[in-house]
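What follows is target.txt (compact mmCIF, C-alpha atoms and all ligand atoms).
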# COMPACT_ATOMS: atom_id res chain seq x y z
CA MET A 67 79.36 89.28 85.01
CA SER A 68 76.57 86.73 85.26
CA ARG A 69 73.71 87.32 87.66
CA PHE A 70 75.07 84.39 89.69
CA PHE A 71 78.48 85.87 90.51
CA SER A 72 78.84 86.20 94.26
CA THR A 73 78.45 89.79 95.46
CA LYS A 74 81.57 89.28 97.57
CA HIS A 75 83.59 89.13 94.33
CA ALA A 76 81.74 91.83 92.42
CA SER A 77 84.49 94.43 92.79
CA LEU A 78 87.43 92.03 92.44
CA THR A 79 90.09 93.24 89.99
CA PRO A 80 92.05 90.18 88.82
CA TYR A 81 95.81 90.13 88.33
CA VAL A 82 96.90 90.94 84.78
CA PRO A 83 99.67 88.55 83.64
CA GLY A 84 102.27 89.75 81.12
CA GLU A 85 101.27 89.24 77.49
CA GLN A 86 101.91 85.84 75.91
CA PRO A 87 101.13 86.80 72.30
CA ARG A 88 101.14 84.14 69.57
CA ASP A 89 100.73 86.45 66.57
CA ARG A 90 104.43 86.65 65.72
CA ARG A 91 107.84 85.76 67.12
CA TYR A 92 108.99 88.28 69.67
CA VAL A 93 112.20 88.80 71.56
CA LYS A 94 110.27 88.10 74.73
CA LEU A 95 111.58 90.16 77.63
CA ASN A 96 108.31 90.86 79.47
CA THR A 97 107.65 88.10 82.02
CA ASN A 98 111.05 87.32 83.56
CA GLU A 99 111.16 83.80 82.19
CA SER A 100 114.50 82.07 81.72
CA PRO A 101 115.84 82.05 78.14
CA PHE A 102 117.46 78.66 78.86
CA PRO A 103 115.72 75.28 78.57
CA PRO A 104 115.26 73.08 81.65
CA SER A 105 117.99 70.54 82.41
CA PRO A 106 117.80 67.27 80.41
CA LYS A 107 117.31 65.53 83.81
CA VAL A 108 113.95 67.29 84.10
CA LEU A 109 112.69 65.88 80.82
CA LEU A 110 113.92 62.41 81.70
CA TYR A 111 112.11 62.42 85.07
CA VAL A 112 108.91 63.82 83.55
CA ASP A 113 108.92 61.04 81.00
CA GLU A 114 109.12 58.43 83.75
CA ALA A 115 106.34 60.08 85.76
CA GLY A 116 104.11 60.23 82.69
CA VAL A 117 103.49 56.50 82.60
CA LYS A 118 102.06 56.63 86.15
CA LEU A 119 99.47 59.27 85.44
CA ASN A 120 96.66 56.83 86.27
CA LEU A 121 97.62 57.31 89.93
CA TYR A 122 97.09 60.42 92.04
CA SER A 123 100.18 62.46 92.80
CA ASP A 124 101.67 62.06 96.30
CA PRO A 125 99.68 64.51 98.48
CA GLU A 126 102.63 64.69 100.91
CA CYS A 127 105.05 65.52 98.05
CA LEU A 128 107.59 63.86 100.31
CA LEU A 129 110.44 63.14 97.87
CA LEU A 130 110.60 66.72 96.65
CA ARG A 131 110.13 68.25 100.11
CA THR A 132 112.95 66.07 101.44
CA ALA A 133 115.24 67.02 98.56
CA LEU A 134 114.50 70.73 99.07
CA ALA A 135 115.02 70.43 102.83
CA GLU A 136 118.38 68.79 102.26
CA MET A 137 119.43 71.50 99.85
CA TYR A 138 118.61 74.32 102.31
CA GLY A 139 119.75 72.57 105.53
CA LEU A 140 116.19 72.14 106.83
CA LYS A 141 113.83 69.26 107.68
CA SER A 142 110.94 68.18 105.47
CA GLU A 143 108.45 69.60 108.02
CA ASN A 144 109.97 73.04 107.28
CA VAL A 145 108.99 72.81 103.61
CA MET A 146 105.83 72.62 101.54
CA VAL A 147 105.46 72.67 97.78
CA ASN A 148 102.73 74.38 95.81
CA ASN A 149 101.36 74.99 92.35
CA GLY A 150 103.67 77.94 91.69
CA SER A 151 104.70 80.34 94.43
CA ASP A 152 101.61 82.41 93.64
CA GLU A 153 99.64 79.67 95.34
CA SER A 154 101.95 79.78 98.39
CA LEU A 155 101.27 83.53 98.62
CA ASN A 156 97.50 83.05 98.39
CA PHE A 157 97.61 80.31 101.03
CA ALA A 158 99.56 82.68 103.32
CA VAL A 159 96.80 85.29 103.02
CA MET A 160 94.15 82.64 103.67
CA ALA A 161 96.05 81.34 106.69
CA PHE A 162 97.33 84.50 108.38
CA CYS A 163 95.04 87.43 107.46
CA ASP A 164 91.66 88.48 108.82
CA SER A 165 89.80 91.75 109.43
CA GLU A 166 92.24 92.64 112.25
CA HIS A 167 95.36 91.41 110.45
CA PRO A 168 95.76 93.17 107.11
CA ALA A 169 98.20 92.23 104.38
CA CYS A 170 100.97 94.88 104.37
CA PHE A 171 103.36 95.52 101.50
CA PRO A 172 105.11 98.34 99.61
CA ASP A 173 103.07 100.50 97.21
CA ILE A 174 105.38 99.41 94.40
CA THR A 175 105.78 95.64 94.46
CA TYR A 176 104.40 92.40 93.05
CA GLY A 177 100.87 93.07 91.76
CA PHE A 178 99.39 89.84 93.07
CA TYR A 179 99.55 90.80 96.79
CA PRO A 180 96.54 93.17 96.72
CA VAL A 181 94.61 90.75 94.51
CA PHE A 182 94.99 87.91 97.04
CA ALA A 183 93.85 90.25 99.84
CA GLN A 184 90.77 91.27 97.83
CA LEU A 185 89.98 87.69 96.84
CA ASN A 186 90.02 86.62 100.48
CA GLY A 187 88.07 89.65 101.66
CA VAL A 188 90.78 90.94 104.00
CA PRO A 189 92.07 94.51 104.28
CA TYR A 190 95.47 95.51 102.93
CA ARG A 191 97.84 98.37 103.54
CA GLU A 192 100.26 99.77 100.97
CA ILE A 193 103.37 101.34 102.45
CA PRO A 194 105.01 103.88 100.11
CA LEU A 195 108.57 103.22 99.02
CA THR A 196 110.97 106.16 99.41
CA GLU A 197 111.48 108.65 96.57
CA ASP A 198 114.24 106.44 95.12
CA LEU A 199 111.97 103.35 95.28
CA ARG A 200 113.59 101.81 98.35
CA ILE A 201 112.15 100.28 101.51
CA ASP A 202 112.65 102.34 104.67
CA ILE A 203 112.66 99.69 107.40
CA ARG A 204 111.39 102.23 109.93
CA ASP A 205 108.04 101.99 108.11
CA TYR A 206 107.87 98.28 108.98
CA ALA A 207 107.41 98.10 112.76
CA ASP A 208 104.50 96.76 114.84
CA LEU A 209 102.36 96.18 111.76
CA LYS A 210 100.29 93.33 113.24
CA GLY A 211 99.31 91.74 109.98
CA LEU A 212 100.95 89.73 107.25
CA ILE A 213 103.96 91.45 105.71
CA PHE A 214 104.96 90.73 102.11
CA LEU A 215 108.50 91.61 101.13
CA ALA A 216 109.61 90.63 97.66
CA ASN A 217 113.40 90.39 97.89
CA PRO A 218 114.73 91.47 95.47
CA ASN A 219 111.65 93.63 95.01
CA ALA A 220 109.67 93.57 91.77
CA PRO A 221 109.65 95.45 89.51
CA THR A 222 112.53 97.52 90.91
CA GLY A 223 115.01 94.65 91.39
CA ILE A 224 116.34 96.37 94.51
CA ALA A 225 117.48 93.92 97.21
CA LEU A 226 117.12 94.43 100.95
CA PRO A 227 120.20 93.38 102.96
CA LEU A 228 119.70 90.45 105.33
CA GLU A 229 120.27 92.69 108.40
CA ASP A 230 117.25 94.74 107.34
CA ILE A 231 115.08 91.64 106.92
CA GLU A 232 116.16 90.56 110.40
CA THR A 233 115.32 93.98 111.84
CA ILE A 234 111.85 93.77 110.28
CA LEU A 235 111.38 90.27 111.74
CA ARG A 236 112.36 91.56 115.18
CA GLN A 237 110.21 94.68 114.90
CA ASN A 238 107.13 92.58 114.06
CA PRO A 239 106.95 89.62 116.45
CA GLU A 240 103.15 89.53 116.03
CA SER A 241 103.25 89.36 112.22
CA VAL A 242 104.16 86.65 109.79
CA VAL A 243 106.77 88.09 107.43
CA VAL A 244 106.72 86.49 103.98
CA VAL A 245 109.97 87.01 102.11
CA ASP A 246 109.16 86.33 98.46
CA GLU A 247 112.48 85.26 96.94
CA ALA A 248 111.38 84.64 93.34
CA TYR A 249 114.58 86.38 92.11
CA VAL A 250 117.02 85.60 94.91
CA ASP A 251 119.24 83.31 92.81
CA PHE A 252 120.37 86.22 90.62
CA GLY A 253 122.55 87.77 93.32
CA ALA A 254 120.69 88.64 96.53
CA ASP A 255 121.06 86.93 99.94
CA SER A 256 118.39 84.42 100.98
CA ALA A 257 116.67 84.65 104.36
CA VAL A 258 116.46 80.84 104.61
CA GLY A 259 119.22 80.81 107.24
CA LEU A 260 117.02 82.88 109.58
CA ILE A 261 114.21 80.31 109.71
CA GLU A 262 115.73 78.54 112.70
CA SER A 263 115.76 81.78 114.71
CA TYR A 264 112.40 83.33 113.76
CA ASP A 265 109.05 81.57 114.08
CA ASN A 266 107.36 84.42 112.16
CA LEU A 267 109.41 84.02 108.96
CA LEU A 268 108.12 82.36 105.81
CA VAL A 269 110.46 82.21 102.81
CA VAL A 270 108.78 81.61 99.45
CA GLN A 271 110.73 80.51 96.37
CA THR A 272 109.90 79.23 92.90
CA PHE A 273 111.19 77.05 90.07
CA SER A 274 109.78 79.56 87.55
CA LYS A 275 112.66 81.99 87.15
CA SER A 276 116.22 80.76 87.81
CA ARG A 277 115.24 77.10 87.25
CA SER A 278 113.62 77.54 83.82
CA MET A 279 110.31 75.91 84.80
CA ALA A 280 107.66 78.66 84.64
CA GLY A 281 105.35 76.41 82.64
CA ALA A 282 105.54 73.54 85.15
CA ARG A 283 104.05 75.63 87.99
CA LEU A 284 106.16 74.75 91.00
CA GLY A 285 106.84 76.85 94.08
CA TYR A 286 107.69 76.17 97.71
CA ALA A 287 107.41 77.78 101.10
CA MET A 288 109.85 77.31 104.00
CA GLY A 289 109.38 78.19 107.64
CA CYS A 290 109.01 76.77 111.14
CA PRO A 291 106.95 73.54 111.34
CA GLU A 292 103.92 75.33 112.90
CA LEU A 293 103.64 77.85 110.07
CA ILE A 294 104.02 75.08 107.49
CA ARG A 295 101.35 73.02 109.24
CA ASP A 296 98.91 75.97 109.04
CA LEU A 297 99.57 76.27 105.32
CA GLN A 298 99.10 72.51 104.94
CA THR A 299 95.70 72.83 106.65
CA ILE A 300 94.70 75.35 103.99
CA ARG A 301 96.17 73.18 101.24
CA TYR A 302 94.38 70.02 102.35
CA SER A 303 91.16 72.08 102.53
CA THR A 304 91.46 73.27 98.94
CA ASN A 305 93.41 70.77 96.83
CA PRO A 306 95.79 68.16 98.29
CA TYR A 307 96.84 67.23 94.73
CA ASN A 308 97.77 70.80 93.81
CA VAL A 309 101.15 69.73 92.40
CA ASN A 310 100.80 67.10 89.69
CA SER A 311 103.13 64.12 89.48
CA MET A 312 104.94 65.29 86.34
CA THR A 313 105.77 68.58 87.99
CA LEU A 314 106.92 66.85 91.18
CA ALA A 315 109.23 64.69 89.07
CA ALA A 316 110.44 67.74 87.13
CA GLY A 317 111.33 69.42 90.41
CA LEU A 318 113.39 66.45 91.55
CA GLY A 319 115.22 66.39 88.22
CA ALA A 320 115.98 70.09 88.48
CA LEU A 321 117.44 69.77 91.99
CA GLU A 322 119.83 67.11 90.71
CA ASP A 323 121.29 69.58 88.25
CA GLN A 324 121.71 72.66 90.42
CA THR A 325 125.18 73.41 88.97
CA TYR A 326 123.54 73.91 85.55
CA TYR A 327 121.11 76.48 86.97
CA ASP A 328 123.85 78.21 88.97
CA ALA A 329 125.86 78.60 85.76
CA ASN A 330 122.80 80.01 83.97
CA ALA A 331 122.20 82.51 86.78
CA ARG A 332 125.81 83.69 86.43
CA ILE A 333 125.31 84.20 82.68
CA ILE A 334 122.18 86.25 83.40
CA GLY A 335 124.20 88.32 85.90
CA ARG A 336 126.83 89.04 83.24
CA ASN A 337 124.22 89.91 80.61
CA ARG A 338 122.52 92.22 83.11
CA GLU A 339 125.75 94.16 83.62
CA TYR A 340 126.34 94.30 79.87
CA ALA A 341 122.83 95.57 79.08
CA ALA A 342 122.89 98.02 82.00
CA ASN A 343 126.14 99.60 80.81
CA LYS A 344 124.96 99.90 77.20
CA LEU A 345 121.63 101.39 78.27
CA LYS A 346 123.39 103.92 80.49
CA GLU A 347 125.51 104.95 77.49
CA LEU A 348 122.23 105.59 75.64
CA GLY A 349 121.03 107.91 78.41
CA PHE A 350 118.88 105.54 80.47
CA GLU A 351 118.54 105.70 84.24
CA MET A 352 117.82 102.59 86.26
CA THR A 353 117.43 101.09 89.69
CA ASP A 354 120.19 98.92 91.12
CA SER A 355 118.73 95.55 90.11
CA MET A 356 119.85 92.25 91.62
CA ALA A 357 117.19 90.33 89.67
CA ASN A 358 116.91 88.91 86.13
CA PHE A 359 115.50 92.19 84.86
CA LEU A 360 116.33 95.89 84.65
CA PHE A 361 113.91 98.67 85.57
CA VAL A 362 114.76 101.59 83.31
CA ARG A 363 113.60 105.01 82.20
CA HIS A 364 114.87 107.54 79.71
CA PRO A 365 114.44 111.26 80.43
CA LYS A 366 113.44 111.94 76.81
CA ILE A 367 110.94 109.20 76.00
CA GLU A 368 107.77 108.18 77.82
CA GLY A 369 107.57 104.67 79.23
CA GLN A 370 104.41 103.77 77.33
CA THR A 371 105.86 105.07 74.04
CA LEU A 372 109.07 103.08 74.41
CA TYR A 373 107.05 99.96 75.21
CA GLU A 374 104.88 100.43 72.08
CA GLU A 375 107.77 101.20 69.76
CA LEU A 376 109.71 98.18 70.99
CA LYS A 377 106.67 95.98 70.48
CA ALA A 378 106.30 97.27 66.91
CA ARG A 379 109.92 96.16 66.38
CA GLY A 380 109.27 92.70 67.79
CA VAL A 381 110.67 93.24 71.28
CA LEU A 382 108.31 92.75 74.23
CA VAL A 383 109.02 94.43 77.56
CA ARG A 384 106.71 95.15 80.51
CA HIS A 385 105.19 98.57 81.14
CA PHE A 386 103.10 99.23 84.26
CA ASN A 387 100.34 101.80 84.04
CA LYS A 388 100.87 103.01 87.57
CA GLU A 389 101.43 106.67 88.36
CA ARG A 390 104.72 106.43 90.29
CA ILE A 391 106.42 104.13 87.80
CA LYS A 392 104.78 105.00 84.48
CA ASP A 393 108.05 106.41 83.11
CA TYR A 394 109.73 103.01 83.53
CA ASN A 395 109.85 99.74 81.66
CA ARG A 396 110.89 96.42 83.12
CA ILE A 397 113.18 94.49 80.79
CA THR A 398 113.89 90.80 81.39
CA ILE A 399 117.52 89.77 80.96
CA GLY A 400 117.83 87.15 78.24
CA THR A 401 120.71 85.74 76.22
CA ALA A 402 123.46 88.03 74.92
CA GLY A 403 121.85 87.77 71.47
CA GLN A 404 118.47 88.88 72.80
CA MET A 405 120.10 91.80 74.62
CA ASP A 406 121.78 92.90 71.39
CA LYS A 407 118.45 92.81 69.55
CA LEU A 408 116.89 94.90 72.31
CA LEU A 409 119.74 97.42 72.21
CA GLU A 410 119.59 97.65 68.42
CA ALA A 411 115.85 98.35 68.53
CA ILE A 412 116.28 100.98 71.24
CA GLN A 413 119.08 102.68 69.34
CA GLU A 414 116.88 102.85 66.26
CA ILE A 415 113.95 104.29 68.26
CA LEU A 416 116.15 106.98 69.79
CA GLU A 417 117.73 107.88 66.45
CA THR A 418 114.34 108.16 64.72
CA ARG A 419 113.30 110.60 67.43
CA GLN A 420 116.64 112.42 67.22
CA ILE A 421 117.37 111.74 70.88
C1 LIG A 501 107.26 85.49 89.17
C2 LIG A 501 106.94 85.86 90.59
C3 LIG A 501 106.20 85.02 91.40
C4 LIG A 501 105.41 83.90 90.82
O1 LIG A 501 106.05 82.78 90.68
P1 LIG A 501 105.30 81.44 90.25
O2 LIG A 501 106.06 80.44 91.03
O3 LIG A 501 105.47 81.32 88.78
O4 LIG A 501 103.86 81.49 90.67
C5 LIG A 501 106.06 85.34 92.74
N1 LIG A 501 106.56 86.48 93.24
C6 LIG A 501 107.23 87.35 92.48
C7 LIG A 501 107.75 88.60 93.07
C8 LIG A 501 107.43 87.06 91.13
O5 LIG A 501 108.03 87.95 90.34
Show this structure as structure tokens.
Amino acid sequence: MSRFFSTKHASLTPYVPGEQPRDRRYVKLNTNESPFPPSPKVLLYVDEAGVKLNLYSDPECLLLRTALAEMYGLKSENVMVNNGSDESLNFAVMAFCDSEHPACFPDITYGFYPVFAQLNGVPYREIPLTEDLRIDIRDYADLKGLIFLANPNAPTGIALPLEDIETILRQNPESVVVVDEAYVDFGADSAVGLIESYDNLLVVQTFSKSRSMAGARLGYAMGCPELIRDLQTIRYSTNPYNVNSMTLAAGLGALEDQTYYDANARIIGRNREYAANKLKELGFEMTDSMANFLFVRHPKIEGQTLYEELKARGVLVRHFNKERIKDYNRITIGTAGQMDKLLEAIQEILETRQI
């Protein structure tokens, strides 16, 4: 730390992204990226946008917002786009939290929520999941803050039924409820249809996972026009050009090929079932994941050890050094070939240890 670093950030612990090692080729199952390339439409549109890079990107992002609105049965004033959904989440903390309105979220969930609260100097409250890593909706009533619900949750993959989301919205009329749907396209139900009925609902989605565009950095938030306007106030006060013109074009291209991404999501769903069954045969236990990853533990091998031994065999998974979940590893679902390489490596590790 330099002697110039603001004291207000002195104790800030930044988010730790999953490894992106370049030292060798890995079967990379640690950051929930898509194993499939973006649609050819995306590349075509990016190419066209490239020649206009002398101009600023459209600060209103109107074409993409309109296309998204159409897709979800909303109006463009219900939608804003951001530089990855992480930015939408940060903007939500900036817009809706203060010393009297803490950020509230489960103790086991996406690691960025507490970081955004710390960065913005607002309090946060972690609400423990049940013993089996589920949300008990009775714990989410009258919270008077900003509620983050990743649905499906990360890293458990467990989805909350829409009735439960609606109950939480009703139980917290004084709180904005952010439903973070980064993984919703892999089998859970979206809360988008509730936006018309609840002025305290913000649904956040991303192009990073099901739409194979993690490197483009594109996310979006959907809610009633007043909530979106508040977020736009924050956006125009930080960086009105937060989404560059190539990424805006890429997003439009992707939306024109939704059937391609739907097909890919179905393949991931099948590969998830396949890997889950094989892992169960090998003695693994796991949560009931509706996402593009599995969250698994084996009674006879520590989480950290399995992570290290897989890495030594060229397979990267994600281990979290957090007390309640340290026995687990989160494994991204890739192609059938990648799943077979993972399973082979695991089998070898178990055999070497005579498990
Ligand atoms: C991956 C992920 C995000 C981040 O998405 P970006 O759009 O790439 O910033 C947000 N929330 C959850 C729960 C995620 O897993």
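Restricting the calculation to all atoms listed in the file, the smallest distance between Leu130 in chain A and any of A:Val147, A:Asp230, A:Gln404, A:Thr304 is found for A:Val147.
Each of A:Thr222, A:Asn310, A:Asn337, A:Ser77 was compared to Gly150 in chain A using all atoms listed in the file, and A:Asn310 turns out to be the nearest.
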Test item: residues at most 9 Å from Asp296 in chain A, all atoms listed in the file, excluding those fewer than 3 positions along its chain, as a ChimeraX atom specification: /A:158,161-162,291-293,299-301
Distance filter 6 Å around ligand LIG 501 (chain A), atoms: all atoms listed in the file, out as a PyMOL selection string: chain A and resi 150-152+176+216+220+246+248+272+274+280+283-285
Restricting the calculation to all atoms listed in the file, which member of A:Tyr81, A:Phe359, A:Tyr307, A:Phe273 is positioned closest to Arg336 in chain A?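 Among the listed residues, A:Phe359 lies closest to Arg336 in chain A.
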At a cut-off of 7 Å, using all atoms listed in the file, what residues contact range 163-166 of chain A? Leave out same-chain residues fewer than 2 positions from it and give the result as a ChimeraX atom specification. /A:159-161,168-169,188-189,211-212
Looking at only C-alpha atoms, which of A:Ala282, A:Glu414, A:Ile399, A:Val245 is the one that sits closest to Val309 in chain A? A:Ala282
Name all residues at most 6 Å from Asn395 in chain A (count only C-alpha atoms; drop same-chain ones fewer than 2 positions away) and give them as a list in words.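 My reading of the contact set: Phe361, Val362, Gly369, Arg384 and His385 of chain A.
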Top pick for closest residue to Met137 in chain A, considering A:Glu232, A:Glu339, A:Asn266, A:Ala320 and counting only C-alpha atoms: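 Looking only at the distances to Met137 in chain A, the closest residue turns out to be A:Ala320.
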With only C-alpha atoms as the atoms that count, which of A:Asn238, A:Ser72, A:Thr398, A:Gln324 lies nearest to Arg338 in chain A? A:Thr398
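The space separating CA of Pro83 in chain A from CA of Ser276 in chain A comes to 18.8 Å.
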Would you work out the distance separating CA of Val112 in chain A from CA of Ser100 in chain A, expressed in Å to one decimal? 19.2 Å
Using only C-alpha atoms, determine which residues lie at most 9 Å from Arg363 in chain A, disregarding the query and same-chain residues fewer than 3 positions distant; provide the list as a ChimeraX atom specification. /A:349-352,366-369,393-395
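The space separating CA of Ile234 in chain A from CA of Tyr138 in chain A comes to 22.1 Å.
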Taking all listed atoms of range 231-249 of chain A, build the axis-aligned box, pad each of the six sides by 3 Å, then write its centre and edge lengths in Å to one decimal as AutoDock Vina command-line options.
--center_x 109.7 --center_y 89.7 --center_z 104.3 --size_x 19.0 --size_y 16.0 --size_z 30.3
So which residues touch Asn330 in chain A within 9 Å, counting only C-alpha atoms, skipping near sequence neighbours fewer than 2 positions away, as a PyMOL selection string? chain A and resi 100+102+276-277+325-328+332-335
Answer as a ChimeraX atom specification, residues within 12 Å of (113.0, 101.8, 110.6) using all atoms listed in the file: /A:201-208,229-238
Taking (111.2, 65.9, 107.4) in the file's coordinates, which residues come within 10 Å, counting only C-alpha atoms, written as a count of residues only? 14
